[in-house]
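*Asks:* Please find one structure pasted underneath; my questions will follow.
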Amino acid sequence: MSYQIRRAAVIGAGTMGAAIAAHFANVGIPVDLLDIVPRELTPEEKEKGLTLDDPAVRNRIVSKGWEAALKARPAALYSKAKAALVRLGNLEDDFDRLSEADLIIEAVIENLPIKQSLMERVEAVRKPTAVVATNTSGLLIRDIAEGRGEAFRQHFLGMHFFNPPRYLRLLEIIPHTDTLPEVLEAMTRFAEDTLGKGVVRCKDTPNFIANRLFSNGASFEIAYAIEHGYSIEEVDKLTGPLIGRPKTAVFRLLDLVGLDVMEHVSTNLYEAIPEDESRDLLLDPRIMEPLKKMIERGWLGNKAGQGFYKRVEKNGKKEFWTLDFETMEYTPPQKVRFESVGKYRKLEPLGARLKALVEADDRAGEYIRNVTYNRLTYASRRIPEIADSIVSVDNAIKWGFAHQMGPFEEWDALGVAESIEKMEAAGFPVADWVKEMVEAGYESFYQYENGVAVGYYDLEAKGYLPFEEKPKEIKVNVLVARDKVIESNEEASIIDMGDGIALFEWHSKANTLTPAVIEMGYRAIERLGTDFDGLVIGHDGSLFSGGANLDMAAIQQEARKQGVTPAEVVDQLAHQMQQMMLGFRYAPGPVVTAPFDRALGGGAELTMCGDRIVAHAELYIGLVEVGLGLIPAATGCKEMLRRIVNPMMRIENADPIPVITRVFEQIGLARYSTSAEEAREMGFLGPCDRIVTNRDHLLAEAKREALHMVQSGYRPPLPEKIYAAGRDVLAAIQTQLYMMKDAGYITEHDSVVGGRLAWVLCGGDLSEPTWVDEQYILDLERQAFVELIQMPKTIERIMHMLTTGKPLRN
C-alpha cells in the first residue's frame with residue numbers, strides 16, 4: 001500500500017504540537033491543529049459577556065498555542081504566508097476533521113490514561129489508510145496502543161520530534177511489535193524527503209535513544225562539577241564549542257529546557273529503568289538538593305528569567321550572573337582560563353583536539369576526561385538495549401543536540417584499544433562487546449578508507465558492514481576519497497559528480513571568496529565548456545559563503561608586490577569576481593547553485609549567478625555589505641535590478657519609485673532572509689528555483705536539476721538590458737537619505753554609503769529612464785565599491801568586523 005501524506009492533523013497546541021503543525025505548513029502540507037475546549041471563562045471573557053458556547057472561547061486554548069508559535073523566536077514558520085495552511089479547531093466541535101488526515105500526530109500531556117483515551121476516540125474516526133503517531137518522549141509506544149484494534153495498531157508508531165522541530169534535525173521513529181513494516185518505511189521516507197529530518201529508528205524503550213543518553217550525561221556532568229568544585233561558567237566553557245557542542249553547553253541548555261522539566265524527566269526515567277546500572281545518578285542528591293531549592297524559588301530557567309544563569313542589568317549593560325551551588329546566590333561573571341584550553345582550543349580536527357584535552361593533566365583535562373569517559377562507556381552499555389547500531393546512537397546525539405561527533409566517533413578519535421584500560425581504571429565500565437570487538441582485531445568502531453568512514457562495526461555480524469548506499473546523498477569527502485577530484489588548489493577544487501556533471505567546491509576560511517577560489521571558479525567555467533555538460537556550485541561546509549575576503553593586510557601586500565595602489569588591487573579583485581559571476585551565468589552548460597545556511601555578500605552574489613538555484617530550506621541570504629560601509633560589487637546590484645526592477649518596469653506606465661525603493665531598502669538596511677521561502681519573497685530565488693528540506697540531499701538534487709536542464713536541450717541565456725531610472729528617482733532617494741540623517745536615524749557615513757548605493761541602482765544621473773547594458777551597472781557598482789573601501793570610516797568598519805565579529809556604526 002502507498003501512503004501519501006496530503007493532509008495532516010496535530011492534536012495538542014502546546015509548544016511542541018503547535019511547532020510541529022507549523023513545520024508541516026512549512027513543507028506545504030495543510031494541517032489541522034486541535035486542542036481541548038476550556039471549562040471556565042477567563043475574567044476578560046466574562047467582561048466581554050462571552051459564554052462557554054462562543055467559538056472564540058471554545059477555540060481559546062488552541063488559538064493561544066498557535067499565537068505563541070507565531071511569535072516564537074527563532075521563527076517556527078519559513079514565511080508568514082505559511083500560516084494559511086494551518087486550520088485551528090477543538091476536540092469537540094472539530095474532531096471529525098481527523099477523518100480527512102493521512103497522518104495524525106498526538107502531542108498532548110504525558111499522561112498514559114489521557115493518551116489511551118484519546119487514541120480510542122481517534123480510532124473511531126481515522127480513515128483506514130491513516131497513520132497515527134505519538135510525539136511522546138517518555139511513555140512506551142506499545143502502552144499507548146494497548147486496547148486498540150489490529151488495524152489501528154498496525155498503523156501506529158512513535159514520531160518523537162525535538163524542539164524546535166523546524167531547526168533540530170532529529171526525528172526518532174519508534175515502531176512497536178504490531179507496526180507494519182511498510183508503514184515504518186513510508187514514515188521514514190516522508191520524514192527524510194519531505195520534512196527534511198534525520199531519522200533514527202529506535203527501540204521501544206524509556207526515553208528512546210537521545211534523551212536516555214542525554215539524561216545520564218547531563219546528570220554526571222552536573223554531579224561531577226558540584227563534587228569537585230567546578231563553577232557553572234567553567235563547565236560551560238569546557239562543554240561547548242571547545243569539544244564540538246553548541247554554545248549552550250550544559251547549564252545554558254538546561255536553563256533553556258527548564259529545570260522543572262529536567263526534574264520531571266529524571267524522576268520518571270528513574271522509575272522506568274530499574275535494570276539500568278547507572279540510574280541512581282538521575283536522582284543523585286548532589287543534583288536534586290539544589291535543583292529542588294531552585295524549583296521551590298521559581299528559578300526554572302529562561303522562562304522564569306533565572307535558573308543556573310540570571311540576567312542582570314548593571315551600568316546600562318546586561319550581564320549573565322551564575323549560581324554558586326554552595327551559597328545558592330548569583331555571582332558576577334568571571335574570566336575562565338585553563339592552560340590546556342589555551343593550548344589546544346584551535347587544534348583541528350575536532351577529534352585531535354578532544355584527544356589532547358582528555359589527556360591534559362590540568363583541571364580542564366580532568367573534567368573533560370571524566371565526563372567523556374562516562375558518556376562513551378554509558379553509550380556502549382546501552383547497546384543493544386536501546387539500539388542495535390552504533391550509527392543510530394551517534395546520529396541521535398548529533399542530530400538531536402547539534403553535537404559535531406557522536407560518542408562512538410569520539411571514541412574512535414581517542415583510540416578505542418588504548419582507552420579501554422584507562423576508562424576502567426578510572427571507574428567507568430566498558431561494555432563486553434567493545435572488548436570483544438578489539439580482541440577480534442577491530443580497532444575502531446568505524447571502518448575508514450582514505451580517512452573517510454565507509455562502514456561500521458555491527459554487533460550481530462561481529463564485523464564491519466558497509467554503510468547503506470543512499471542515492472539522494474552526495475558527500476564531497478566521499479567523492480574526494482574516491483579520487484574524483486579533477487583539479488584543485490589549496491582552497492577549492494573541481495570534482496566529477498558523475499553523469500557529465502562537475503562540482504565546483506571551495507573550503508577557504510568561512511568559505512570566503514579568495515583569489516584562489518576565484519581562480520578555480522574560472523577553471524570550472526573552462527572545464528564546463530570542454531569536459532562537462534553541467535556544473536553544480538556548492539560544498540559540504542558549515543556555511544555557503546561569508547562573501548569576499550576583505551583581508552586589508554593581504555590587499556596592501558599584493559599592491560606592494562604589483563607596484564600599484566591598494567585601490568587598484570581592489571578594483572582588480574572586484575572585476576575578477578564580476579567576470580567570474582558572468583562566466584557562470586553565460587556558461588555553455590547549465591550552472592546550478594546549491595546555497596545553504598549563510599550566503600552573505602559575495603555569497604549571495606554567487607548564489608544568483610547560475611541558471612537555477614536549488615537551496616536548502618534553512619537559507620540566510622543577503623547583500624549585507626553596507627554593514628561594512630560598502631555596497632555589492634560582484635553583480636549584486638545588477639542582479640537585484642534584473643530580478644526585481646526589470647519585470648515591474650516592463651509593465652506599461654509602471655512607477656519605478658516603489659520598486660527601486662524596495663531594492664534600495666533591502667540592500668541599504670542589510671536585510672537577509674530567515675529561510676529559503678523568505679529569500680524567494682525577497683527576490684533572491686525565482687519561481688523556477690527549488691527548495692530542499694533535507695540538507696544531505698542538496699548536492700544530489702542540484703545535480704539532478706543540472707541533468708534535467710542538459711536533457712531538456714539547455715541553451716545559455718542572452719544578455720539582458722537593465723532598467724536605469726535616472727536622476728528623478730535618484731533625487732527622491734537622496735531626499736529620503738537627507739531626511740533620515742537630519743532626524744538622526746542614520747550616521748553621516750551611512751548617508752554617504754546610501755548615496756553611492758542610490759547612484760548605482762538608478763544608473764547615475766541619467767536625464768531620463770533608460771535600458772542599459774549590464775556592464776554599465778557593473779562598472780558603476782565596482783567604481784562605488786573602490787571609492788568606499790578607501791574611506792577611513794569604511795576601513796574602521798571592516799577592521800572592527802574582522803577583530804570582533806560585530807558591525808560598527810560610525
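Going through the C-alpha cells in order, the chains are called A, B, and so on, while each chain numbers its residues from 1 and the ligands are numbered from 1 in the order shown.
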Could you please write out, as a ChimeraX atom specification, every residue of range 129-266 of chain A that DSSP assigns to alpha helix (DSSP H)?
*Replies:* /A:141-144,150-154,181-193,210-228,232-238,251-257,259-266
*Asks:* Near Leu802 in chain A, within 12 Å and counting only C-alpha atoms, which residues show up once chain neighbours fewer than 6 positions away are dropped, as a list in words?
*Replies:* Ala510, Gly546, Asn549, Leu550, Asp551, Met552, Ala553, Leu628, Ile795, Glu796 and Leu808 of chain A
*Asks:* Grab the CA of His228 in chain A to CA of Asp324 in chain A distance for me, in Å with one decimal place.
*Replies:* 13.3 Å
*Asks:* Excluding range 230-240 of chain A and residues on its chain fewer than 5 positions from it, collect all residues at most 9 Å away from it, counting only C-alpha atoms, and give them as a list in words.
*Replies:* Glu221, Ile222, Tyr224, Ala225, Arg245, Pro246, Lys247, Thr248, Ala249, Val250, Phe251, Arg252, Phe308, Tyr309, Thr322, Leu323, Asp324, Phe325, Pro333, Gln334, Lys335, Val336, Arg337, Val341, Arg363, Ala364, Tyr367 and Ile368 of chain A
*Asks:* Take the selection from the previous step and output its residues with C-alpha atoms, as a PDB file, in the first residue's frame.
*Replies:*
ATOM      1  CA  GLU A 221      28.326  16.487  34.265  1.00  0.00           C
ATOM      2  CA  ILE A 222      26.437  18.380  36.979  1.00  0.00           C
ATOM      3  CA  TYR A 224      30.908  15.833  38.978  1.00  0.00           C
ATOM      4  CA  ALA A 225      31.080  19.626  38.773  1.00  0.00           C
ATOM      5  CA  ARG A 245      28.909  21.090  21.131  1.00  0.00           C
ATOM      6  CA  PRO A 246      26.704  24.188  20.828  1.00  0.00           C
ATOM      7  CA  LYS A 247      27.372  27.281  22.959  1.00  0.00           C
ATOM      8  CA  THR A 248      24.525  26.248  25.258  1.00  0.00           C
ATOM      9  CA  ALA A 249      26.891  23.575  26.653  1.00  0.00           C
ATOM     10  CA  VAL A 250      25.399  22.069  29.855  1.00  0.00           C
ATOM     11  CA  PHE A 251      23.846  24.670  32.126  1.00  0.00           C
ATOM     12  CA  ARG A 252      22.619  27.084  29.465  1.00  0.00           C
ATOM     13  CA  PHE A 308      21.547  28.428  36.605  1.00  0.00           C
ATOM     14  CA  TYR A 309      22.063  31.807  34.935  1.00  0.00           C
ATOM     15  CA  THR A 322      25.804  32.358  37.598  1.00  0.00           C
ATOM     16  CA  LEU A 323      24.565  30.406  40.583  1.00  0.00           C
ATOM     17  CA  ASP A 324      27.015  29.429  43.297  1.00  0.00           C
ATOM     18  CA  PHE A 325      25.899  25.980  44.481  1.00  0.00           C
ATOM     19  CA  PRO A 333      30.731  36.719  35.530  1.00  0.00           C
ATOM     20  CA  GLN A 334      34.379  35.723  35.819  1.00  0.00           C
ATOM     21  CA  LYS A 335      37.015  35.119  33.188  1.00  0.00           C
ATOM     22  CA  VAL A 336      37.610  31.389  32.806  1.00  0.00           C
ATOM     23  CA  ARG A 337      41.076  30.260  31.801  1.00  0.00           C
ATOM     24  CA  VAL A 341      42.247  25.080  26.711  1.00  0.00           C
ATOM     25  CA  ARG A 363      41.622  20.790  35.924  1.00  0.00           C
ATOM     26  CA  ALA A 364      40.137  21.208  32.451  1.00  0.00           C
ATOM     27  CA  TYR A 367      36.780  17.369  33.907  1.00  0.00           C
ATOM     28  CA  ILE A 368      36.686  16.671  30.167  1.00  0.00           C
TER      29      ILE A 368
END
*Asks:* What's around Leu139 in chain A at 10 Å? Count only C-alpha atoms, leave out sequence neighbours fewer than 5 positions away in its own chain, and write the answer as a list in words.
*Replies:*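 Counting only C-alpha atoms, the residues come to Glu110, Asn111, Leu112, Lys115, Thr134, Ile144, Gly158, Asp204, Thr205, Pro206, Asn207, Phe208, Asn268, Leu269 and Ala272 of chain A.
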*Asks:* Select from range 624-737 of chain A every residue with an atom at most 10 Å from any atom of range 72-93 of chain A, then for each give the shortest pair of atoms and their distance in Å to one decimal, using only C-alpha atoms, rows by chain and rising number, as a Markdown table.
*Replies:*
| residue | atom | partner | partner_atom | distance |
| --- | --- | --- | --- | --- |
| A:Ser673 | CA | A:Tyr78 | CA | 9.6 |
| A:Thr674 | CA | A:Tyr78 | CA | 7.3 |
| A:Ser675 | CA | A:Tyr78 | CA | 5.5 |
| A:Ala676 | CA | A:Tyr78 | CA | 7.5 |
| A:Glu677 | CA | A:Tyr78 | CA | 6.0 |
| A:Glu678 | CA | A:Ser79 | CA | 5.8 |
| A:Ala679 | CA | A:Ser79 | CA | 9.5 |
| A:Arg680 | CA | A:Ser79 | CA | 10.0 |
| A:Glu681 | CA | A:Ser79 | CA | 8.8 |
*Asks:* Output N, CA and C atoms for every residue in that selection, as a PDB file, in the first residue's frame.
*Replies:*
ATOM      1  N   SER A 673      17.421  36.988   4.521  1.00  0.00           N
ATOM      2  CA  SER A 673      16.291  36.087   4.707  1.00  0.00           C
ATOM      3  C   SER A 673      16.489  35.236   5.938  1.00  0.00           C
ATOM      4  N   THR A 674      15.404  34.736   6.493  1.00  0.00           N
ATOM      5  CA  THR A 674      15.482  33.772   7.597  1.00  0.00           C
ATOM      6  C   THR A 674      15.053  32.387   7.136  1.00  0.00           C
ATOM      7  N   SER A 675      14.885  32.220   5.835  1.00  0.00           N
ATOM      8  CA  SER A 675      14.571  30.915   5.241  1.00  0.00           C
ATOM      9  C   SER A 675      14.670  31.056   3.735  1.00  0.00           C
ATOM     10  N   ALA A 676      14.700  29.941   3.041  1.00  0.00           N
ATOM     11  CA  ALA A 676      14.711  29.998   1.580  1.00  0.00           C
ATOM     12  C   ALA A 676      13.384  30.524   1.042  1.00  0.00           C
ATOM     13  N   GLU A 677      12.286  30.214   1.730  1.00  0.00           N
ATOM     14  CA  GLU A 677      10.987  30.753   1.302  1.00  0.00           C
ATOM     15  C   GLU A 677      10.993  32.273   1.374  1.00  0.00           C
ATOM     16  N   GLU A 678      11.551  32.814   2.453  1.00  0.00           N
ATOM     17  CA  GLU A 678      11.640  34.264   2.579  1.00  0.00           C
ATOM     18  C   GLU A 678      12.598  34.832   1.541  1.00  0.00           C
ATOM     19  N   ALA A 679      13.646  34.077   1.211  1.00  0.00           N
ATOM     20  CA  ALA A 679      14.576  34.513   0.170  1.00  0.00           C
ATOM     21  C   ALA A 679      13.862  34.641  -1.169  1.00  0.00           C
ATOM     22  N   ARG A 680      12.902  33.768  -1.415  1.00  0.00           N
ATOM     23  CA  ARG A 680      12.116  33.881  -2.647  1.00  0.00           C
ATOM     24  C   ARG A 680      11.281  35.158  -2.630  1.00  0.00           C
ATOM     25  N   GLU A 681      10.683  35.445  -1.481  1.00  0.00           N
ATOM     26  CA  GLU A 681       9.887  36.664  -1.354  1.00  0.00           C
ATOM     27  C   GLU A 681      10.736  37.917  -1.542  1.00  0.00           C
TER      28      GLU A 681
END
*Asks:* Taking only C-alpha atoms into account, name the residue in A:Ala356, A:Val592, A:Ile746, A:Met405 that is nearest to Cys688 in chain A.
*Replies:*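 Checking each of A:Ala356, A:Val592, A:Ile746, A:Met405 against Cys688 in chain A, counting only C-alpha atoms, the winner is A:Val592.
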*Asks:* Using only C-alpha atoms, which residue out of A:Ala13, A:Ala440, A:Ala615, A:Leu242 lies closest to Asp696 in chain A?
*Replies:*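 Among the listed residues, the smallest separation from Asp696 in chain A belongs to A:Ala615.
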*Asks:* May I ask which of the residues A:Ile273, A:Glu348, A:Tyr330, A:Glu227 is the closest one to Glu385 in chain A, counting only C-alpha atoms?
*Replies:* A:Ile273
*Asks:* May I ask which of the residues A:Ala634, A:Thr803, A:Gly629, A:Arg662 is the closest one to Arg756 in chain A, counting only C-alpha atoms?
*Replies:*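 With only C-alpha atoms as the atom set, the closest residue is A:Gly629.
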